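Notes follow once the structure below has been shown.
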Amino acid sequence: MLTIREYKQVTSLEEAWQLNQKRMNRVLGGMLWLRMTKGNVQTAIDLSGLGLNTIEETDTEFRIGAMVTLRQLELDAGFTAYSEGTNKEALRHIVGVQFRNLATVGGSVFGRFGFSDVISLLLVMDSYVELYKGGLVPMADFVKMKYDRDILVRIIVKKQKAHFCYQSVRISKTDFPVLTCAAALNEDGVQIAVGARPAKAALVKDDKQLAALPLTEEKAQAFAEYAAELLPTESNPRGSAKYRTHLIKVLAKRTLLELGGKK
């Protein structure tokens, strides 16, 4: 059981950062995963009064506040149009609507969970994490960073000419994924992000031009084999390492062929 001794709704990012420097204090997101942990929290830090619950769209980017819920990101018309509905496919399997109405994008990203559909999706986009002290950090670099006590302010997705798609395998509809695979096709070629290996999602770019346009089944298969060689997998109760490696080949090929149909 998680025990919280004090609760503080902060009025500034500086106040939140100062409080968060104490080891026994914790920042609250939507409190979906945190409440399932064990331990003692001296002060729970609530960011909900800082106006970080909006998605702002400009001509060049999306600015997604840390307190935006997964449901907001799922339903946002501008982000849906930009991602070609990939946001809906990535988020619709996460437990249920009531859960997604509470879980926050910031909590999902800062946790850097291996099973995170959100991170897998954002990795194939030109996305960045804005930290209060650390500034802008590319999502691919942030995922690899050690946990610290900075404050995640928002996620920024730069617009680019690209096509996206997303697929995952689950034992049951709303369960954690056995494997996730997001893919993007932009001016530099194709790239995929594979999560739930069960390690953190990792990005694979087509540096060898194995899947150069026009995309064919043979090219998609070659890149899928390449990705499976690069990405280590492990076993857990949801699947063996061997099964996950097989799924990388299957989902990578499927997503690339879907992208080829969009070009």
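Identifiers in the structure tokens: chain A, B, ... in order shown; residue index from 1 per chain; ligand index from 1 in order shown.
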Requested in this report: Run DSSP on the backbone and grab whatever in segment 17-253 of chain A lands in alpha helix (DSSP H); send it over as JSON, numbers by chain.
Outcome: {"A": [17, 18, 19, 20, 70, 71, 72, 73, 74, 75, 77, 78, 79, 80, 81, 82, 86, 87, 88, 89, 90, 91, 97, 98, 99, 100, 105, 106, 107, 108, 109, 110, 111, 117, 118, 119, 120, 121, 122, 123, 139, 140, 141, 142, 143, 144, 217, 218, 219, 220, 221, 222, 223, 224, 225, 226, 227, 228, 229, 230, 241, 242, 243, 244, 245, 246, 247, 248, 249, 250, 251, 252, 253]}
Query raised in the report: as a PyMOL selection string, which residues of segment 138-194 of chain A does DSSP assign to strand (DSSP E or B)?
Result: chain A and resi 138+152-158+162-170+177-186+189-194
Keeping only N, CA and C atoms, write those residues as an mmCIF file, in the first residue's frame.
data_model
loop_
_atom_site.group_PDB
_atom_site.id
_atom_site.type_symbol
_atom_site.label_atom_id
_atom_site.label_comp_id
_atom_site.auth_asym_id
_atom_site.auth_seq_id
_atom_site.Cartn_x
_atom_site.Cartn_y
_atom_site.Cartn_z
ATOM 1 N N PRO A 138 15.551 15.261 -26.806
ATOM 2 C CA PRO A 138 14.901 14.356 -27.753
ATOM 3 C C PRO A 138 14.353 13.129 -27.047
ATOM 4 N N LEU A 152 8.893 17.176 -15.489
ATOM 5 C CA LEU A 152 8.485 17.129 -16.892
ATOM 6 C C LEU A 152 7.356 18.134 -17.086
ATOM 7 N N VAL A 153 7.556 19.071 -18.010
ATOM 8 C CA VAL A 153 6.581 20.146 -18.232
ATOM 9 C C VAL A 153 5.624 19.795 -19.367
ATOM 10 N N ARG A 154 6.169 19.397 -20.489
ATOM 11 C CA ARG A 154 5.336 19.050 -21.642
ATOM 12 C C ARG A 154 6.128 18.207 -22.626
ATOM 13 N N ILE A 155 5.405 17.632 -23.574
ATOM 14 C CA ILE A 155 6.005 16.911 -24.694
ATOM 15 C C ILE A 155 5.754 17.740 -25.941
ATOM 16 N N ILE A 156 6.770 17.925 -26.745
ATOM 17 C CA ILE A 156 6.647 18.695 -27.984
ATOM 18 C C ILE A 156 6.860 17.766 -29.168
ATOM 19 N N VAL A 157 5.910 17.772 -30.084
ATOM 20 C CA VAL A 157 5.998 16.971 -31.311
ATOM 21 C C VAL A 157 6.108 17.927 -32.482
ATOM 22 N N LYS A 158 7.250 17.914 -33.144
ATOM 23 C CA LYS A 158 7.463 18.767 -34.315
ATOM 24 C C LYS A 158 6.763 18.145 -35.525
ATOM 25 N N ALA A 162 5.167 13.090 -42.944
ATOM 26 C CA ALA A 162 5.404 11.694 -42.575
ATOM 27 C C ALA A 162 4.086 10.926 -42.553
ATOM 28 N N HIS A 163 4.207 9.621 -42.650
ATOM 29 C CA HIS A 163 3.087 8.702 -42.460
ATOM 30 C C HIS A 163 3.404 7.830 -41.253
ATOM 31 N N PHE A 164 2.371 7.448 -40.508
ATOM 32 C CA PHE A 164 2.557 6.676 -39.287
ATOM 33 C C PHE A 164 1.596 5.489 -39.244
ATOM 34 N N CYS A 165 1.996 4.466 -38.510
ATOM 35 C CA CYS A 165 1.075 3.369 -38.199
ATOM 36 C C CYS A 165 1.528 2.703 -36.905
ATOM 37 N N TYR A 166 0.648 1.915 -36.319
ATOM 38 C CA TYR A 166 0.907 1.318 -35.010
ATOM 39 C C TYR A 166 0.225 -0.030 -34.903
ATOM 40 N N GLN A 167 0.927 -1.009 -34.359
ATOM 41 C CA GLN A 167 0.346 -2.319 -34.102
ATOM 42 C C GLN A 167 0.906 -2.862 -32.795
ATOM 43 N N SER A 168 0.132 -3.712 -32.155
ATOM 44 C CA SER A 168 0.595 -4.353 -30.924
ATOM 45 C C SER A 168 -0.048 -5.725 -30.819
ATOM 46 N N VAL A 169 0.542 -6.554 -29.991
ATOM 47 C CA VAL A 169 -0.017 -7.878 -29.700
ATOM 48 C C VAL A 169 -0.285 -7.949 -28.201
ATOM 49 N N ARG A 170 -1.473 -8.368 -27.837
ATOM 50 C CA ARG A 170 -1.871 -8.505 -26.441
ATOM 51 C C ARG A 170 -2.543 -9.853 -26.232
ATOM 52 N N PRO A 177 0.742 -4.938 -23.283
ATOM 53 C CA PRO A 177 1.140 -5.548 -24.554
ATOM 54 C C PRO A 177 2.247 -6.584 -24.380
ATOM 55 N N VAL A 178 2.209 -7.599 -25.231
ATOM 56 C CA VAL A 178 3.323 -8.537 -25.336
ATOM 57 C C VAL A 178 4.445 -7.884 -26.137
ATOM 58 N N LEU A 179 4.044 -7.086 -27.137
ATOM 59 C CA LEU A 179 5.003 -6.331 -27.944
ATOM 60 C C LEU A 179 4.269 -5.189 -28.630
ATOM 61 N N THR A 180 4.945 -4.051 -28.764
ATOM 62 C CA THR A 180 4.379 -2.916 -29.503
ATOM 63 C C THR A 180 5.305 -2.563 -30.656
ATOM 64 N N CYS A 181 4.720 -2.015 -31.703
ATOM 65 C CA CYS A 181 5.535 -1.600 -32.851
ATOM 66 C C CYS A 181 4.894 -0.389 -33.519
ATOM 67 N N ALA A 182 5.579 0.741 -33.440
ATOM 68 C CA ALA A 182 5.161 1.953 -34.152
ATOM 69 C C ALA A 182 6.112 2.156 -35.319
ATOM 70 N N ALA A 183 5.611 2.697 -36.405
ATOM 71 C CA ALA A 183 6.450 2.899 -37.589
ATOM 72 C C ALA A 183 6.143 4.249 -38.212
ATOM 73 N N ALA A 184 7.173 4.820 -38.848
ATOM 74 C CA ALA A 184 7.016 6.101 -39.530
ATOM 75 C C ALA A 184 7.782 6.072 -40.841
ATOM 76 N N LEU A 185 7.227 6.749 -41.818
ATOM 77 C CA LEU A 185 7.880 6.930 -43.113
ATOM 78 C C LEU A 185 7.953 8.419 -43.376
ATOM 79 N N ASN A 186 9.183 8.958 -43.403
ATOM 80 C CA ASN A 186 9.367 10.379 -43.672
ATOM 81 C C ASN A 186 10.398 10.572 -44.780
ATOM 82 N N GLY A 189 13.315 8.185 -44.796
ATOM 83 C CA GLY A 189 13.072 6.750 -44.929
ATOM 84 C C GLY A 189 12.173 6.239 -43.821
ATOM 85 N N VAL A 190 12.307 4.957 -43.496
ATOM 86 C CA VAL A 190 11.438 4.342 -42.496
ATOM 87 C C VAL A 190 12.191 4.173 -41.180
ATOM 88 N N GLN A 191 11.411 4.129 -40.099
ATOM 89 C CA GLN A 191 11.950 3.806 -38.790
ATOM 90 C C GLN A 191 10.846 3.186 -37.956
ATOM 91 N N ILE A 192 11.227 2.325 -37.027
ATOM 92 C CA ILE A 192 10.249 1.702 -36.147
ATOM 93 C C ILE A 192 10.700 1.843 -34.702
ATOM 94 N N ALA A 193 9.735 1.832 -33.797
ATOM 95 C CA ALA A 193 10.014 1.788 -32.364
ATOM 96 C C ALA A 193 9.324 0.549 -31.814
ATOM 97 N N VAL A 194 10.068 -0.273 -31.122
ATOM 98 C CA VAL A 194 9.533 -1.518 -30.579
ATOM 99 C C VAL A 194 9.603 -1.463 -29.059
#
Query raised in the report: Leu131 of chain A: which residues within 12 Å, counting only C-alpha atoms, same-chain residues fewer than 3 positions away excluded, as number ranges by chain?
Result: A: 13-14, 17, 65-66, 106, 109-110, 128, 134-139, 142, 148-156
Report task. Would you kindly return, as a PyMOL selection string, each protein, DNA or RNA residue with an atom no farther than 9 Å from any atom of Glu57 of chain A, considering only C-alpha atoms and excluding same-chain residues fewer than 6 positions away? Result -> chain A and resi 63-64+78-79
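Each of A:Met31, A:Val124, A:Leu70, A:Ile45 was compared to Tyr7 of chain A using only C-alpha atoms, and A:Ile45 turns out to be the nearest.
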Report task. Write out as an MDAnalysis selection string which residues come within 9 Å of Val10 of chain A when counting only C-alpha atoms, dropping same-chain ones fewer than 3 positions away. Result -> chainID A and resid 13:16 45:50
Let's have the selection written as a PDB file, in the first residue's frame, with N, CA and C atoms.
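Contents of part.pdb, as written:
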ATOM      1  N   LEU A  13       6.172  25.956 -11.193  1.00  0.00           N
ATOM      2  CA  LEU A  13       7.100  24.877 -11.481  1.00  0.00           C
ATOM      3  C   LEU A  13       8.290  24.917 -10.533  1.00  0.00           C
ATOM      4  N   GLU A  14       8.706  26.104 -10.148  1.00  0.00           N
ATOM      5  CA  GLU A  14       9.826  26.224  -9.214  1.00  0.00           C
ATOM      6  C   GLU A  14       9.479  25.601  -7.868  1.00  0.00           C
ATOM      7  N   GLU A  15       8.266  25.844  -7.404  1.00  0.00           N
ATOM      8  CA  GLU A  15       7.834  25.236  -6.142  1.00  0.00           C
ATOM      9  C   GLU A  15       7.804  23.715  -6.264  1.00  0.00           C
ATOM     10  N   ALA A  16       7.311  23.230  -7.385  1.00  0.00           N
ATOM     11  CA  ALA A  16       7.262  21.780  -7.602  1.00  0.00           C
ATOM     12  C   ALA A  16       8.670  21.200  -7.620  1.00  0.00           C
ATOM     13  N   ILE A  45       3.125  15.777  -4.676  1.00  0.00           N
ATOM     14  CA  ILE A  45       3.166  17.066  -5.380  1.00  0.00           C
ATOM     15  C   ILE A  45       2.197  17.021  -6.555  1.00  0.00           C
ATOM     16  N   ASP A  46       1.195  17.878  -6.525  1.00  0.00           N
ATOM     17  CA  ASP A  46       0.145  17.910  -7.544  1.00  0.00           C
ATOM     18  C   ASP A  46       0.384  19.082  -8.497  1.00  0.00           C
ATOM     19  N   LEU A  47       0.533  18.767  -9.803  1.00  0.00           N
ATOM     20  CA  LEU A  47       0.786  19.794 -10.817  1.00  0.00           C
ATOM     21  C   LEU A  47      -0.494  20.286 -11.495  1.00  0.00           C
ATOM     22  N   SER A  48      -1.644  19.830 -11.045  1.00  0.00           N
ATOM     23  CA  SER A  48      -2.884  20.087 -11.788  1.00  0.00           C
ATOM     24  C   SER A  48      -3.295  21.556 -11.816  1.00  0.00           C
ATOM     25  N   GLY A  49      -2.698  22.392 -10.975  1.00  0.00           N
ATOM     26  CA  GLY A  49      -3.051  23.810 -10.975  1.00  0.00           C
ATOM     27  C   GLY A  49      -2.153  24.668 -11.848  1.00  0.00           C
ATOM     28  N   LEU A  50      -1.285  24.039 -12.652  1.00  0.00           N
ATOM     29  CA  LEU A  50      -0.310  24.809 -13.436  1.00  0.00           C
ATOM     30  C   LEU A  50      -0.698  24.977 -14.902  1.00  0.00           C
TER      31      LEU A  50
END
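Non-sequential neighbours of segment 36-40 of chain A (distance at most 12 Å, separation of 6 or more positions within a chain, only C-alpha atoms) are Met1, Leu2, Thr3, Ile4, Arg5, Glu6, Arg23, Met24, Asn25, Arg26 and Gly30 of chain A.
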Query - Counting only C-alpha atoms, the option among A:Thr11, A:Gln18, A:Leu102, A:Ser127 closest to Gly51 of chain A - result: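 When distances to Gly51 of chain A are compared using only C-alpha atoms, the smallest one comes from A:Thr11.
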